[in-house]
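Dropping structure_31.pdb in here (PDB, N, CA and C atoms, pLDDT in the B column):
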ATOM      1  N   MET A   1     -11.028 191.809 -65.108  1.00 73.00           N
ATOM      2  CA  MET A   1     -11.428 191.567 -66.482  1.00 73.00           C
ATOM      3  C   MET A   1     -11.813 190.100 -66.622  1.00 73.00           C
ATOM      4  N   ASN A   2     -12.952 189.870 -67.171  1.00 81.00           N
ATOM      5  CA  ASN A   2     -13.467 188.532 -67.391  1.00 81.00           C
ATOM      6  C   ASN A   2     -12.593 187.792 -68.402  1.00 81.00           C
ATOM      7  N   LYS A   3     -12.111 186.594 -68.048  1.00 84.00           N
ATOM      8  CA  LYS A   3     -11.227 185.801 -68.913  1.00 84.00           C
ATOM      9  C   LYS A   3     -11.883 185.485 -70.252  1.00 84.00           C
ATOM     10  N   ALA A   4     -13.162 185.154 -70.260  1.00 89.00           N
ATOM     11  CA  ALA A   4     -13.852 184.831 -71.508  1.00 89.00           C
ATOM     12  C   ALA A   4     -13.899 186.048 -72.431  1.00 89.00           C
ATOM     13  N   LEU A   5     -14.120 187.227 -71.854  1.00 88.00           N
ATOM     14  CA  LEU A   5     -14.142 188.451 -72.651  1.00 88.00           C
ATOM     15  C   LEU A   5     -12.752 188.757 -73.192  1.00 88.00           C
ATOM     16  N   LEU A   6     -11.738 188.600 -72.364  1.00 89.00           N
ATOM     17  CA  LEU A   6     -10.368 188.854 -72.797  1.00 89.00           C
ATOM     18  C   LEU A   6      -9.974 187.929 -73.946  1.00 89.00           C
ATOM     19  N   ASP A   7     -10.472 186.708 -73.935  1.00 91.00           N
ATOM     20  CA  ASP A   7     -10.153 185.747 -74.989  1.00 91.00           C
ATOM     21  C   ASP A   7     -10.716 186.145 -76.355  1.00 91.00           C
ATOM     22  N   ILE A   8     -11.797 186.929 -76.385  1.00 94.00           N
ATOM     23  CA  ILE A   8     -12.394 187.287 -77.676  1.00 94.00           C
ATOM     24  C   ILE A   8     -12.055 188.704 -78.134  1.00 94.00           C
ATOM     25  N   LEU A   9     -11.534 189.538 -77.234  1.00 95.00           N
ATOM     26  CA  LEU A   9     -11.185 190.902 -77.628  1.00 95.00           C
ATOM     27  C   LEU A   9      -9.888 190.923 -78.430  1.00 95.00           C
ATOM     28  N   VAL A  10      -9.852 191.775 -79.440  1.00 96.00           N
ATOM     29  CA  VAL A  10      -8.652 191.953 -80.252  1.00 96.00           C
ATOM     30  C   VAL A  10      -8.395 193.444 -80.439  1.00 96.00           C
ATOM     31  N   CYS A  11      -7.189 193.764 -80.826  1.00 96.00           N
ATOM     32  CA  CYS A  11      -6.832 195.148 -81.120  1.00 96.00           C
ATOM     33  C   CYS A  11      -7.666 195.619 -82.315  1.00 96.00           C
ATOM     34  N   PRO A  12      -8.321 196.756 -82.204  1.00 95.00           N
ATOM     35  CA  PRO A  12      -9.146 197.229 -83.314  1.00 95.00           C
ATOM     36  C   PRO A  12      -8.332 197.653 -84.535  1.00 95.00           C
ATOM     37  N   VAL A  13      -7.050 197.880 -84.353  1.00 94.00           N
ATOM     38  CA  VAL A  13      -6.194 198.307 -85.472  1.00 94.00           C
ATOM     39  C   VAL A  13      -5.565 197.111 -86.173  1.00 94.00           C
ATOM     40  N   THR A  14      -4.933 196.222 -85.398  1.00 95.00           N
ATOM     41  CA  THR A  14      -4.185 195.106 -85.981  1.00 95.00           C
ATOM     42  C   THR A  14      -4.936 193.780 -85.972  1.00 95.00           C
ATOM     43  N   LYS A  15      -5.984 193.711 -85.191  1.00 95.00           N
ATOM     44  CA  LYS A  15      -6.763 192.472 -84.977  1.00 95.00           C
ATOM     45  C   LYS A  15      -5.962 191.403 -84.244  1.00 95.00           C
ATOM     46  N   ALA A  16      -4.872 191.815 -83.597  1.00 94.00           N
ATOM     47  CA  ALA A  16      -4.039 190.906 -82.810  1.00 94.00           C
ATOM     48  C   ALA A  16      -4.630 190.755 -81.407  1.00 94.00           C
ATOM     49  N   PRO A  17      -4.287 189.672 -80.712  1.00 94.00           N
ATOM     50  CA  PRO A  17      -4.784 189.466 -79.347  1.00 94.00           C
ATOM     51  C   PRO A  17      -4.318 190.573 -78.411  1.00 94.00           C
ATOM     52  N   LEU A  18      -5.105 190.790 -77.371  1.00 95.00           N
ATOM     53  CA  LEU A  18      -4.774 191.767 -76.344  1.00 95.00           C
ATOM     54  C   LEU A  18      -4.431 191.034 -75.058  1.00 95.00           C
ATOM     55  N   THR A  19      -3.549 191.628 -74.263  1.00 93.00           N
ATOM     56  CA  THR A  19      -3.220 191.071 -72.961  1.00 93.00           C
ATOM     57  C   THR A  19      -3.518 192.116 -71.900  1.00 93.00           C
ATOM     58  N   LEU A  20      -3.870 191.649 -70.741  1.00 94.00           N
ATOM     59  CA  LEU A  20      -4.183 192.524 -69.616  1.00 94.00           C
ATOM     60  C   LEU A  20      -2.885 192.980 -68.958  1.00 94.00           C
ATOM     61  N   SER A  21      -2.785 194.260 -68.659  1.00 93.00           N
ATOM     62  CA  SER A  21      -1.603 194.788 -67.977  1.00 93.00           C
ATOM     63  C   SER A  21      -1.517 194.194 -66.581  1.00 93.00           C
ATOM     64  N   ASP A  22      -0.331 194.253 -65.990  1.00 91.00           N
ATOM     65  CA  ASP A  22      -0.116 193.686 -64.652  1.00 91.00           C
ATOM     66  C   ASP A  22      -1.031 194.303 -63.607  1.00 91.00           C
ATOM     67  N   ASP A  23      -1.308 195.606 -63.757  1.00 93.00           N
ATOM     68  CA  ASP A  23      -2.164 196.269 -62.771  1.00 93.00           C
ATOM     69  C   ASP A  23      -3.650 196.212 -63.133  1.00 93.00           C
ATOM     70  N   GLY A  24      -3.973 195.634 -64.298  1.00 93.00           N
ATOM     71  CA  GLY A  24      -5.365 195.434 -64.693  1.00 93.00           C
ATOM     72  C   GLY A  24      -6.082 196.678 -65.189  1.00 93.00           C
ATOM     73  N   THR A  25      -5.333 197.725 -65.540  1.00 95.00           N
ATOM     74  CA  THR A  25      -5.966 198.982 -65.971  1.00 95.00           C
ATOM     75  C   THR A  25      -5.919 199.206 -67.471  1.00 95.00           C
ATOM     76  N   GLU A  26      -5.221 198.314 -68.195  1.00 96.00           N
ATOM     77  CA  GLU A  26      -5.078 198.501 -69.644  1.00 96.00           C
ATOM     78  C   GLU A  26      -5.075 197.163 -70.360  1.00 96.00           C
ATOM     79  N   LEU A  27      -5.460 197.204 -71.623  1.00 96.00           N
ATOM     80  CA  LEU A  27      -5.318 196.070 -72.522  1.00 96.00           C
ATOM     81  C   LEU A  27      -4.210 196.423 -73.500  1.00 96.00           C
ATOM     82  N   ILE A  28      -3.240 195.541 -73.621  1.00 95.00           N
ATOM     83  CA  ILE A  28      -2.036 195.836 -74.384  1.00 95.00           C
ATOM     84  C   ILE A  28      -2.021 195.066 -75.692  1.00 95.00           C
ATOM     85  N   SER A  29      -1.714 195.803 -76.761  1.00 95.00           N
ATOM     86  CA  SER A  29      -1.511 195.218 -78.085  1.00 95.00           C
ATOM     87  C   SER A  29      -0.028 195.348 -78.412  1.00 95.00           C
ATOM     88  N   LYS A  30       0.723 194.263 -78.201  1.00 92.00           N
ATOM     89  CA  LYS A  30       2.160 194.293 -78.489  1.00 92.00           C
ATOM     90  C   LYS A  30       2.394 194.534 -79.981  1.00 92.00           C
ATOM     91  N   MET A  31       1.625 193.869 -80.827  1.00 92.00           N
ATOM     92  CA  MET A  31       1.809 194.015 -82.269  1.00 92.00           C
ATOM     93  C   MET A  31       1.535 195.457 -82.712  1.00 92.00           C
ATOM     94  N   GLY A  32       0.518 196.053 -82.164  1.00 93.00           N
ATOM     95  CA  GLY A  32       0.165 197.414 -82.539  1.00 93.00           C
ATOM     96  C   GLY A  32       0.950 198.474 -81.795  1.00 93.00           C
ATOM     97  N   GLY A  33       1.617 198.066 -80.715  1.00 94.00           N
ATOM     98  CA  GLY A  33       2.394 199.005 -79.928  1.00 94.00           C
ATOM     99  C   GLY A  33       1.528 200.008 -79.183  1.00 94.00           C
ATOM    100  N   MET A  34       0.308 199.563 -78.818  1.00 96.00           N
ATOM    101  CA  MET A  34      -0.628 200.458 -78.147  1.00 96.00           C
ATOM    102  C   MET A  34      -1.213 199.791 -76.911  1.00 96.00           C
ATOM    103  N   SER A  35      -1.709 200.645 -76.031  1.00 96.00           N
ATOM    104  CA  SER A  35      -2.360 200.185 -74.815  1.00 96.00           C
ATOM    105  C   SER A  35      -3.695 200.907 -74.683  1.00 96.00           C
ATOM    106  N   TYR A  36      -4.750 200.134 -74.504  1.00 97.00           N
ATOM    107  CA  TYR A  36      -6.104 200.680 -74.420  1.00 97.00           C
ATOM    108  C   TYR A  36      -6.556 200.701 -72.964  1.00 97.00           C
ATOM    109  N   PRO A  37      -7.125 201.804 -72.506  1.00 98.00           N
ATOM    110  CA  PRO A  37      -7.535 201.896 -71.103  1.00 98.00           C
ATOM    111  C   PRO A  37      -8.775 201.060 -70.794  1.00 98.00           C
ATOM    112  N   ILE A  38      -8.882 200.688 -69.531  1.00 96.00           N
ATOM    113  CA  ILE A  38     -10.101 200.064 -69.014  1.00 96.00           C
ATOM    114  C   ILE A  38     -10.659 201.050 -68.002  1.00 96.00           C
ATOM    115  N   ARG A  39     -11.847 201.563 -68.273  1.00 95.00           N
ATOM    116  CA  ARG A  39     -12.470 202.556 -67.395  1.00 95.00           C
ATOM    117  C   ARG A  39     -13.759 201.987 -66.813  1.00 95.00           C
ATOM    118  N   ASP A  40     -13.850 201.983 -65.507  1.00 94.00           N
ATOM    119  CA  ASP A  40     -15.021 201.440 -64.801  1.00 94.00           C
ATOM    120  C   ASP A  40     -15.328 200.018 -65.248  1.00 94.00           C
ATOM    121  N   GLY A  41     -14.262 199.245 -65.503  1.00 90.00           N
ATOM    122  CA  GLY A  41     -14.421 197.852 -65.903  1.00 90.00           C
ATOM    123  C   GLY A  41     -14.746 197.643 -67.367  1.00 90.00           C
ATOM    124  N   ILE A  42     -14.779 198.724 -68.153  1.00 92.00           N
ATOM    125  CA  ILE A  42     -15.145 198.630 -69.574  1.00 92.00           C
ATOM    126  C   ILE A  42     -13.938 198.976 -70.434  1.00 92.00           C
ATOM    127  N   PRO A  43     -13.506 198.056 -71.318  1.00 94.00           N
ATOM    128  CA  PRO A  43     -12.392 198.356 -72.216  1.00 94.00           C
ATOM    129  C   PRO A  43     -12.786 199.446 -73.217  1.00 94.00           C
ATOM    130  N   VAL A  44     -11.920 200.433 -73.373  1.00 97.00           N
ATOM    131  CA  VAL A  44     -12.152 201.512 -74.335  1.00 97.00           C
ATOM    132  C   VAL A  44     -11.251 201.227 -75.536  1.00 97.00           C
ATOM    133  N   LEU A  45     -11.801 200.537 -76.523  1.00 96.00           N
ATOM    134  CA  LEU A  45     -11.015 200.093 -77.674  1.00 96.00           C
ATOM    135  C   LEU A  45     -11.122 201.071 -78.837  1.00 96.00           C
ATOM    136  N   LEU A  46     -10.765 202.304 -78.557  1.00 97.00           N
ATOM    137  CA  LEU A  46     -10.747 203.342 -79.579  1.00 97.00           C
ATOM    138  C   LEU A  46      -9.297 203.766 -79.789  1.00 97.00           C
ATOM    139  N   GLU A  47      -8.883 203.826 -81.050  1.00 94.00           N
ATOM    140  CA  GLU A  47      -7.509 204.204 -81.351  1.00 94.00           C
ATOM    141  C   GLU A  47      -7.165 205.581 -80.785  1.00 94.00           C
ATOM    142  N   THR A  48      -8.142 206.467 -80.775  1.00 96.00           N
ATOM    143  CA  THR A  48      -7.910 207.823 -80.274  1.00 96.00           C
ATOM    144  C   THR A  48      -7.701 207.856 -78.760  1.00 96.00           C
ATOM    145  N   GLU A  49      -8.127 206.819 -78.047  1.00 96.00           N
ATOM    146  CA  GLU A  49      -7.965 206.744 -76.594  1.00 96.00           C
ATOM    147  C   GLU A  49      -6.724 205.946 -76.185  1.00 96.00           C
ATOM    148  N   ALA A  50      -6.102 205.268 -77.137  1.00 97.00           N
ATOM    149  CA  ALA A  50      -4.940 204.420 -76.833  1.00 97.00           C
ATOM    150  C   ALA A  50      -3.697 205.271 -76.616  1.00 97.00           C
ATOM    151  N   ARG A  51      -2.800 204.723 -75.821  1.00 96.00           N
ATOM    152  CA  ARG A  51      -1.489 205.359 -75.679  1.00 96.00           C
ATOM    153  C   ARG A  51      -0.454 204.471 -76.358  1.00 96.00           C
ATOM    154  N   THR A  52       0.625 205.073 -76.788  1.00 96.00           N
ATOM    155  CA  THR A  52       1.706 204.338 -77.425  1.00 96.00           C
ATOM    156  C   THR A  52       2.583 203.711 -76.356  1.00 96.00           C
ATOM    157  N   LEU A  53       2.929 202.445 -76.553  1.00 95.00           N
ATOM    158  CA  LEU A  53       3.802 201.763 -75.614  1.00 95.00           C
ATOM    159  C   LEU A  53       5.217 202.324 -75.698  1.00 95.00           C
ATOM    160  N   THR A  54       5.902 202.338 -74.578  1.00 92.00           N
ATOM    161  CA  THR A  54       7.301 202.744 -74.568  1.00 92.00           C
ATOM    162  C   THR A  54       8.134 201.617 -75.181  1.00 92.00           C
ATOM    163  N   THR A  55       9.362 201.924 -75.514  1.00 90.00           N
ATOM    164  CA  THR A  55      10.256 200.911 -76.070  1.00 90.00           C
ATOM    165  C   THR A  55      10.426 199.755 -75.095  1.00 90.00           C
ATOM    166  N   ASP A  56      10.586 200.064 -73.813  1.00 87.00           N
ATOM    167  CA  ASP A  56      10.741 199.012 -72.806  1.00 87.00           C
ATOM    168  C   ASP A  56       9.505 198.129 -72.723  1.00 87.00           C
ATOM    169  N   GLU A  57       8.322 198.739 -72.804  1.00 86.00           N
ATOM    170  CA  GLU A  57       7.090 197.946 -72.764  1.00 86.00           C
ATOM    171  C   GLU A  57       6.973 197.050 -73.992  1.00 86.00           C
ATOM    172  N   ARG A  58       7.367 197.552 -75.127  1.00 86.00           N
ATOM    173  CA  ARG A  58       7.311 196.748 -76.353  1.00 86.00           C
ATOM    174  C   ARG A  58       8.246 195.548 -76.282  1.00 86.00           C
ATOM    175  N   LEU A  59       9.379 195.742 -75.618  1.00 84.00           N
ATOM    176  CA  LEU A  59      10.382 194.680 -75.530  1.00 84.00           C
ATOM    177  C   LEU A  59      10.228 193.826 -74.286  1.00 84.00           C
ATOM    178  N   ASP A  60       9.231 194.134 -73.450  1.00 76.00           N
ATOM    179  CA  ASP A  60       9.011 193.411 -72.195  1.00 76.00           C
ATOM    180  C   ASP A  60      10.196 193.523 -71.243  1.00 76.00           C
ATOM    181  N   VAL A  61      10.852 194.659 -71.256  1.00 55.00           N
ATOM    182  CA  VAL A  61      11.980 194.883 -70.359  1.00 55.00           C
ATOM    183  C   VAL A  61      11.443 195.293 -69.001  1.00 55.00           C
ATOM    184  N   ASP A  62      11.943 194.638 -67.963  1.00 51.00           N
ATOM    185  CA  ASP A  62      11.548 194.974 -66.604  1.00 51.00           C
ATOM    186  C   ASP A  62      12.455 196.108 -66.127  1.00 51.00           C
ATOM    187  N   VAL A  63      11.887 197.310 -66.074  1.00 47.00           N
ATOM    188  CA  VAL A  63      12.681 198.471 -65.701  1.00 47.00           C
ATOM    189  C   VAL A  63      12.633 198.635 -64.186  1.00 47.00           C
ATOM    190  N   LYS A  64      13.790 198.607 -63.565  1.00 46.00           N
ATOM    191  CA  LYS A  64      13.892 198.811 -62.113  1.00 46.00           C
ATOM    192  C   LYS A  64      14.091 200.286 -61.850  1.00 46.00           C
ATOM    193  N   LYS A  65      13.340 200.831 -60.893  1.00 42.00           N
ATOM    194  CA  LYS A  65      13.469 202.253 -60.571  1.00 42.00           C
ATOM    195  C   LYS A  65      14.295 202.440 -59.322  1.00 42.00           C
TER     196      LYS A  65
END
Is it possible to give me this structure as structure tokens?
Amino acid sequence: MNKALLDILVCPVTKAPLTLSDDGTELISKMGGMSYPIRDGIPVLLETEARTLTTDERLDVDVKK
């Protein structure tokens, strides 16, 4: 994900900043509690395509398996 693009993208619901997931496959809106997929390098910023973050993801808890 291009850093300049990431700096200007915001959550379409809350207008809060987005962060790139550790694996680079999603853009995360902590405020909105949603994660938007990145498909073929293109962020899909549609509320209907977002998934809800788990409680651990919202709290930034590092879950060991």
Applying the PyMOL selection byres ((chain A and resi 36) around 5) to the file I just gave you, which residues come out? Please list them as a ChimeraX atom specification. /A:26-28,34-35,37-38,50
Can you give me, as a CSV table (one decimal) with N, CA and C atoms, in the coordinates of the input, the residues this file yields under the PyMOL selection byres (((chain A and resi 3-16 and name CA) around 9) and name CA)?
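Result written to out_22.csv:
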chain,number,residue,atom,x,y,z
A,1,MET,N,-11.0,191.8,-65.1
A,1,MET,CA,-11.4,191.6,-66.5
A,1,MET,C,-11.8,190.1,-66.6
A,2,ASN,N,-13.0,189.9,-67.2
A,2,ASN,CA,-13.5,188.5,-67.4
A,2,ASN,C,-12.6,187.8,-68.4
A,17,PRO,N,-4.3,189.7,-80.7
A,17,PRO,CA,-4.8,189.5,-79.3
A,17,PRO,C,-4.3,190.6,-78.4
A,18,LEU,N,-5.1,190.8,-77.4
A,18,LEU,CA,-4.8,191.8,-76.3
A,18,LEU,C,-4.4,191.0,-75.1
A,19,THR,N,-3.5,191.6,-74.3
A,19,THR,CA,-3.2,191.1,-73.0
A,19,THR,C,-3.5,192.1,-71.9
A,20,LEU,N,-3.9,191.6,-70.7
A,20,LEU,CA,-4.2,192.5,-69.6
A,20,LEU,C,-2.9,193.0,-69.0
A,27,LEU,N,-5.5,197.2,-71.6
A,27,LEU,CA,-5.3,196.1,-72.5
A,27,LEU,C,-4.2,196.4,-73.5
A,28,ILE,N,-3.2,195.5,-73.6
A,28,ILE,CA,-2.0,195.8,-74.4
A,28,ILE,C,-2.0,195.1,-75.7
A,29,SER,N,-1.7,195.8,-76.8
A,29,SER,CA,-1.5,195.2,-78.1
A,29,SER,C,0.0,195.3,-78.4
A,30,LYS,N,0.7,194.3,-78.2
A,30,LYS,CA,2.2,194.3,-78.5
A,30,LYS,C,2.4,194.5,-80.0
A,31,MET,N,1.6,193.9,-80.8
A,31,MET,CA,1.8,194.0,-82.3
A,31,MET,C,1.5,195.5,-82.7
A,32,GLY,N,0.5,196.1,-82.2
A,32,GLY,CA,0.2,197.4,-82.5
A,32,GLY,C,1.0,198.5,-81.8
A,34,MET,N,0.3,199.6,-78.8
A,34,MET,CA,-0.6,200.5,-78.1
A,34,MET,C,-1.2,199.8,-76.9
A,36,TYR,N,-4.8,200.1,-74.5
A,36,TYR,CA,-6.1,200.7,-74.4
A,36,TYR,C,-6.6,200.7,-73.0
A,45,LEU,N,-11.8,200.5,-76.5
A,45,LEU,CA,-11.0,200.1,-77.7
A,45,LEU,C,-11.1,201.1,-78.8
A,46,LEU,N,-10.8,202.3,-78.6
A,46,LEU,CA,-10.7,203.3,-79.6
A,46,LEU,C,-9.3,203.8,-79.8
A,47,GLU,N,-8.9,203.8,-81.0
A,47,GLU,CA,-7.5,204.2,-81.4
A,47,GLU,C,-7.2,205.6,-80.8
Hey, can you check how far atom C of A:Leu59 sits from atom CA of A:Asp40?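 A separation of 28.0 Å between them.
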Interatomic distance (Å, one decimal) between atom CA of A:Thr52 and atom CA of A:Gly33: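 These atoms are spaced 5.9 Å apart.
The interatomic distance for the pair atom CA of A:Leu53 and atom CA of A:Ser21 works out to 11.7 Å.
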